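The file upload15.txt comes next; it holds compact mmCIF, N, CA and C atoms.
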```
# COMPACT_ATOMS: atom_id res chain seq x y z
N MET N 6 -13.91 -14.13 -20.79
CA MET N 6 -12.47 -14.14 -20.81
C MET N 6 -12.00 -14.54 -22.21
N VAL N 7 -10.99 -13.86 -22.69
CA VAL N 7 -10.47 -14.11 -24.03
C VAL N 7 -9.50 -15.29 -23.98
N PRO N 8 -9.65 -16.26 -24.88
CA PRO N 8 -8.73 -17.40 -24.88
C PRO N 8 -7.30 -16.97 -25.17
N VAL N 9 -6.35 -17.61 -24.52
CA VAL N 9 -4.93 -17.28 -24.71
C VAL N 9 -4.53 -17.47 -26.17
N GLU N 10 -5.06 -18.49 -26.81
CA GLU N 10 -4.70 -18.75 -28.20
C GLU N 10 -5.02 -17.55 -29.09
N LEU N 11 -6.18 -16.91 -28.85
CA LEU N 11 -6.56 -15.75 -29.64
C LEU N 11 -5.63 -14.57 -29.37
N LEU N 12 -5.25 -14.39 -28.11
CA LEU N 12 -4.32 -13.30 -27.77
C LEU N 12 -2.96 -13.51 -28.45
N VAL N 13 -2.49 -14.77 -28.48
CA VAL N 13 -1.22 -15.08 -29.15
C VAL N 13 -1.35 -14.82 -30.65
N GLU N 14 -2.45 -15.25 -31.23
CA GLU N 14 -2.67 -15.07 -32.67
C GLU N 14 -2.70 -13.59 -33.04
N LEU N 15 -3.27 -12.76 -32.19
CA LEU N 15 -3.37 -11.33 -32.46
C LEU N 15 -2.08 -10.58 -32.09
N GLY N 16 -1.13 -11.30 -31.50
CA GLY N 16 0.12 -10.65 -31.11
C GLY N 16 -0.01 -9.83 -29.83
N LEU N 17 -1.03 -10.12 -29.03
CA LEU N 17 -1.26 -9.36 -27.80
C LEU N 17 -0.76 -10.09 -26.56
N PHE N 18 -0.10 -11.19 -26.76
CA PHE N 18 0.34 -12.01 -25.64
C PHE N 18 1.67 -12.63 -26.00
N ALA N 19 2.60 -12.62 -25.09
CA ALA N 19 3.90 -13.23 -25.34
C ALA N 19 4.36 -13.93 -24.07
N VAL N 20 5.19 -14.93 -24.25
CA VAL N 20 5.73 -15.66 -23.12
C VAL N 20 7.23 -15.42 -23.09
N ALA N 21 7.75 -15.04 -21.94
CA ALA N 21 9.19 -14.84 -21.81
C ALA N 21 9.88 -16.18 -21.70
N VAL N 22 10.94 -16.36 -22.46
CA VAL N 22 11.66 -17.63 -22.41
C VAL N 22 12.78 -17.60 -21.36
N VAL N 23 13.11 -16.41 -20.89
CA VAL N 23 14.07 -16.25 -19.80
C VAL N 23 13.44 -15.32 -18.77
N PRO N 24 13.79 -15.49 -17.51
CA PRO N 24 13.24 -14.57 -16.50
C PRO N 24 13.65 -13.13 -16.82
N LEU N 25 12.70 -12.23 -16.71
CA LEU N 25 12.97 -10.82 -16.98
C LEU N 25 13.32 -10.11 -15.67
N GLU N 26 14.34 -9.29 -15.74
CA GLU N 26 14.72 -8.48 -14.59
C GLU N 26 13.84 -7.23 -14.58
N PRO N 27 13.28 -6.87 -13.42
CA PRO N 27 12.46 -5.65 -13.38
C PRO N 27 13.32 -4.41 -13.62
N ASP N 28 12.77 -3.50 -14.34
CA ASP N 28 13.43 -2.23 -14.61
C ASP N 28 13.25 -1.33 -13.40
N CYS N 29 14.31 -0.67 -12.97
CA CYS N 29 14.26 0.20 -11.79
C CYS N 29 13.16 1.26 -11.92
N VAL N 30 13.03 1.82 -13.10
CA VAL N 30 12.00 2.85 -13.33
C VAL N 30 10.60 2.25 -13.16
N ASP N 31 10.40 1.04 -13.68
CA ASP N 31 9.10 0.37 -13.54
C ASP N 31 8.78 0.12 -12.07
N VAL N 32 9.77 -0.35 -11.33
CA VAL N 32 9.56 -0.63 -9.91
C VAL N 32 9.20 0.65 -9.17
N GLN N 33 9.92 1.72 -9.43
CA GLN N 33 9.63 2.99 -8.77
C GLN N 33 8.24 3.51 -9.14
N ALA N 34 7.85 3.34 -10.38
CA ALA N 34 6.52 3.78 -10.81
C ALA N 34 5.44 2.99 -10.09
N LEU N 35 5.62 1.68 -10.00
CA LEU N 35 4.63 0.85 -9.29
C LEU N 35 4.56 1.20 -7.82
N MET N 36 5.69 1.49 -7.20
CA MET N 36 5.70 1.88 -5.79
C MET N 36 4.98 3.21 -5.60
N ALA N 37 5.16 4.13 -6.52
CA ALA N 37 4.47 5.42 -6.43
C ALA N 37 2.97 5.25 -6.58
N VAL N 38 2.55 4.40 -7.50
CA VAL N 38 1.13 4.12 -7.67
C VAL N 38 0.56 3.50 -6.41
N GLU N 39 1.27 2.53 -5.85
CA GLU N 39 0.81 1.87 -4.62
C GLU N 39 0.68 2.88 -3.48
N ALA N 40 1.66 3.75 -3.33
CA ALA N 40 1.62 4.76 -2.26
C ALA N 40 0.44 5.71 -2.47
N GLY N 41 0.20 6.11 -3.71
CA GLY N 41 -0.91 7.01 -4.00
C GLY N 41 -2.25 6.36 -3.73
N VAL N 42 -2.38 5.09 -4.09
CA VAL N 42 -3.64 4.37 -3.85
C VAL N 42 -3.89 4.22 -2.36
N LEU N 43 -2.84 3.89 -1.60
CA LEU N 43 -2.98 3.76 -0.15
C LEU N 43 -3.41 5.09 0.48
N ALA N 44 -2.73 6.16 0.12
CA ALA N 44 -3.08 7.47 0.67
C ALA N 44 -4.51 7.85 0.32
N ASP N 45 -4.93 7.58 -0.91
CA ASP N 45 -6.30 7.89 -1.33
C ASP N 45 -7.32 7.07 -0.54
N ALA N 46 -7.03 5.78 -0.35
CA ALA N 46 -7.96 4.92 0.40
C ALA N 46 -8.10 5.39 1.84
N VAL N 47 -7.00 5.73 2.48
CA VAL N 47 -7.05 6.20 3.87
C VAL N 47 -7.80 7.52 3.94
N ASP N 48 -7.56 8.40 2.99
CA ASP N 48 -8.27 9.68 2.96
C ASP N 48 -9.77 9.46 2.82
N ARG N 49 -10.19 8.57 1.92
CA ARG N 49 -11.62 8.30 1.74
C ARG N 49 -12.24 7.67 2.98
N LEU N 50 -11.55 6.70 3.57
CA LEU N 50 -12.07 6.07 4.78
C LEU N 50 -12.23 7.08 5.91
N SER N 51 -11.30 8.00 6.01
CA SER N 51 -11.35 8.97 7.11
C SER N 51 -12.52 9.95 6.97
N ARG N 52 -13.08 10.06 5.80
CA ARG N 52 -14.20 10.99 5.58
C ARG N 52 -15.56 10.33 5.81
N TRP N 53 -15.59 9.00 5.96
CA TRP N 53 -16.86 8.33 6.23
C TRP N 53 -17.20 8.49 7.70
N SER N 54 -18.39 8.97 7.98
CA SER N 54 -18.79 9.13 9.37
C SER N 54 -19.41 7.83 9.89
N GLY N 55 -19.31 7.63 11.18
CA GLY N 55 -19.92 6.47 11.80
C GLY N 55 -19.24 5.15 11.49
N ARG N 56 -17.99 5.19 11.09
CA ARG N 56 -17.26 3.96 10.77
C ARG N 56 -16.11 3.79 11.76
N SER N 57 -15.80 2.56 12.08
CA SER N 57 -14.66 2.27 12.93
C SER N 57 -13.65 1.47 12.13
N TRP N 58 -12.40 1.82 12.27
CA TRP N 58 -11.34 1.08 11.61
C TRP N 58 -10.04 1.41 12.31
N ILE N 59 -9.03 0.64 12.01
CA ILE N 59 -7.74 0.78 12.69
C ILE N 59 -6.67 1.15 11.67
N LEU N 60 -5.88 2.13 12.02
CA LEU N 60 -4.75 2.54 11.20
C LEU N 60 -3.50 2.41 12.07
N VAL N 61 -2.52 1.70 11.58
CA VAL N 61 -1.30 1.47 12.34
C VAL N 61 -0.12 2.13 11.62
N ALA N 62 0.68 2.87 12.38
CA ALA N 62 1.88 3.49 11.83
C ALA N 62 2.98 3.39 12.87
N SER N 63 4.20 3.32 12.42
CA SER N 63 5.32 3.19 13.36
C SER N 63 5.63 4.51 14.06
N SER N 64 5.21 5.62 13.48
CA SER N 64 5.40 6.93 14.11
C SER N 64 4.49 7.94 13.42
N VAL N 65 4.33 9.09 14.05
CA VAL N 65 3.52 10.16 13.44
C VAL N 65 4.16 10.61 12.14
N GLU N 66 5.49 10.67 12.13
CA GLU N 66 6.19 11.10 10.92
C GLU N 66 5.95 10.13 9.77
N ARG N 67 6.00 8.83 10.05
CA ARG N 67 5.75 7.83 9.01
C ARG N 67 4.30 7.88 8.54
N LEU N 68 3.38 8.14 9.46
CA LEU N 68 1.97 8.27 9.08
C LEU N 68 1.81 9.41 8.09
N ALA N 69 2.38 10.57 8.41
CA ALA N 69 2.28 11.74 7.54
C ALA N 69 2.95 11.47 6.19
N GLU N 70 4.07 10.76 6.22
CA GLU N 70 4.77 10.43 4.98
C GLU N 70 3.94 9.49 4.11
N THR N 71 3.20 8.59 4.75
CA THR N 71 2.45 7.58 4.01
C THR N 71 1.13 8.11 3.47
N VAL N 72 0.37 8.84 4.30
CA VAL N 72 -0.97 9.25 3.88
C VAL N 72 -1.08 10.74 3.58
N GLY N 73 -0.02 11.50 3.83
CA GLY N 73 -0.05 12.94 3.59
C GLY N 73 -0.31 13.70 4.87
N GLU N 74 0.22 14.91 4.93
CA GLU N 74 0.13 15.74 6.14
C GLU N 74 -1.33 16.02 6.53
N GLU N 75 -2.14 16.43 5.55
CA GLU N 75 -3.52 16.82 5.85
C GLU N 75 -4.33 15.65 6.41
N THR N 76 -4.22 14.50 5.77
CA THR N 76 -4.94 13.31 6.23
C THR N 76 -4.45 12.88 7.60
N ALA N 77 -3.13 12.91 7.81
CA ALA N 77 -2.57 12.52 9.11
C ALA N 77 -3.07 13.45 10.21
N GLU N 78 -3.08 14.75 9.95
CA GLU N 78 -3.57 15.70 10.94
C GLU N 78 -5.04 15.46 11.27
N ARG N 79 -5.84 15.17 10.25
CA ARG N 79 -7.26 14.91 10.47
C ARG N 79 -7.44 13.67 11.35
N HIS N 80 -6.64 12.63 11.11
CA HIS N 80 -6.72 11.42 11.92
C HIS N 80 -6.31 11.69 13.36
N LEU N 81 -5.19 12.36 13.52
CA LEU N 81 -4.66 12.59 14.87
C LEU N 81 -5.57 13.49 15.69
N ALA N 82 -6.36 14.33 15.04
CA ALA N 82 -7.26 15.22 15.77
C ALA N 82 -8.44 14.49 16.40
N VAL N 83 -8.85 13.38 15.82
CA VAL N 83 -10.05 12.71 16.31
C VAL N 83 -9.83 11.27 16.76
N ALA N 84 -8.67 10.71 16.48
CA ALA N 84 -8.46 9.29 16.73
C ALA N 84 -8.09 9.00 18.18
N GLU N 85 -8.51 7.84 18.65
CA GLU N 85 -7.99 7.32 19.90
C GLU N 85 -6.64 6.73 19.57
N GLN N 86 -5.62 7.12 20.31
CA GLN N 86 -4.28 6.67 20.00
C GLN N 86 -3.73 5.79 21.11
N ALA N 87 -2.97 4.82 20.73
CA ALA N 87 -2.31 3.94 21.69
C ALA N 87 -0.88 3.75 21.23
N GLU N 88 0.04 3.91 22.14
CA GLU N 88 1.44 3.68 21.82
C GLU N 88 1.82 2.31 22.34
N LEU N 89 2.22 1.45 21.44
CA LEU N 89 2.55 0.07 21.80
C LEU N 89 4.05 -0.06 22.01
N PRO N 90 4.46 -0.88 22.98
CA PRO N 90 5.90 -1.10 23.16
C PRO N 90 6.45 -1.88 21.98
N PRO N 91 7.72 -1.69 21.68
CA PRO N 91 8.31 -2.45 20.56
C PRO N 91 8.24 -3.95 20.83
N ARG N 92 7.95 -4.69 19.80
CA ARG N 92 7.90 -6.15 19.92
C ARG N 92 9.30 -6.70 19.75
N PRO N 93 9.63 -7.77 20.46
CA PRO N 93 10.95 -8.37 20.27
C PRO N 93 11.06 -8.98 18.87
N ARG N 94 12.24 -8.90 18.33
CA ARG N 94 12.47 -9.48 17.01
C ARG N 94 12.43 -11.00 17.13
N PRO N 95 11.88 -11.67 16.15
CA PRO N 95 11.83 -13.13 16.21
C PRO N 95 13.24 -13.73 16.14
N SER N 96 13.40 -14.80 16.82
CA SER N 96 14.68 -15.50 16.82
C SER N 96 14.73 -16.49 15.66
N LEU N 97 15.90 -16.65 15.07
CA LEU N 97 16.04 -17.60 13.98
C LEU N 97 16.39 -18.99 14.49
N ARG N 98 16.58 -19.09 15.79
CA ARG N 98 16.88 -20.41 16.38
C ARG N 98 15.62 -21.21 16.55
N CYS N 99 15.75 -22.52 16.44
CA CYS N 99 14.61 -23.43 16.63
C CYS N 99 14.53 -23.90 18.05
```
Output the file's structure in the form of structure tokens.
Amino acid sequence: MVPVELLVELGLFAVAVVPLEPDCVDVQALMAVEAGVLADAVDRLSRWSGRSWILVASSVERLAETVGEETAERHLAVAEQAELPPRPRPSLRC
């Protein structure tokens, strides 16, 4: 691990003196990367034979939106499916 002092000396490290507001474009880019990584991971897991795992989605449409149409179709063709009743929302009362 490189010491922080060396990073500061080389100009590769800076400390913000005020909180930085996230840029909308940066947030959207990170969300797109996260969605792509999730879809890729689900796709890879679905291709492993002899493995058991659980995938939860609020609906078939959301599943397809999250992991892609092709991956969702592959899952739905072979998966055991269970439809769970909606859970009650937690109460804010003590």
3 Å per side around region 66-81 of chain N: axis-aligned box centre and edge lengths, as JSON:
```
{"center_x": -0.6, "center_y": 12.2, "center_z": 9.6, "size_x": 19.6, "size_y": 15.2, "size_z": 18.2}
```
I need the residues in chain N that are alpha helix (DSSP H) according to DSSP; give them as number ranges by chain.
N: 9-14, 29-52, 65-72, 74-83
Please report the interatomic distance between CA of Glu70 (chain N) and CA of Asp48 (chain N) in Å with one decimal.
13.2 Å
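Pairwise distance (CA of Val65 (chain N), CA of Gln33 (chain N)) equals 24.1 Å.
A straight line drawn from atom N of Ala44 (chain N) to atom C of Gln86 (chain N) is 21.0 Å long.
Minimum atom-to-atom distance to Ala40 (chain N), evaluated using all atoms listed in the file, belongs to N:Thr71 out of N:Ala87, N:Thr71, N:Ser96, N:Ser63.
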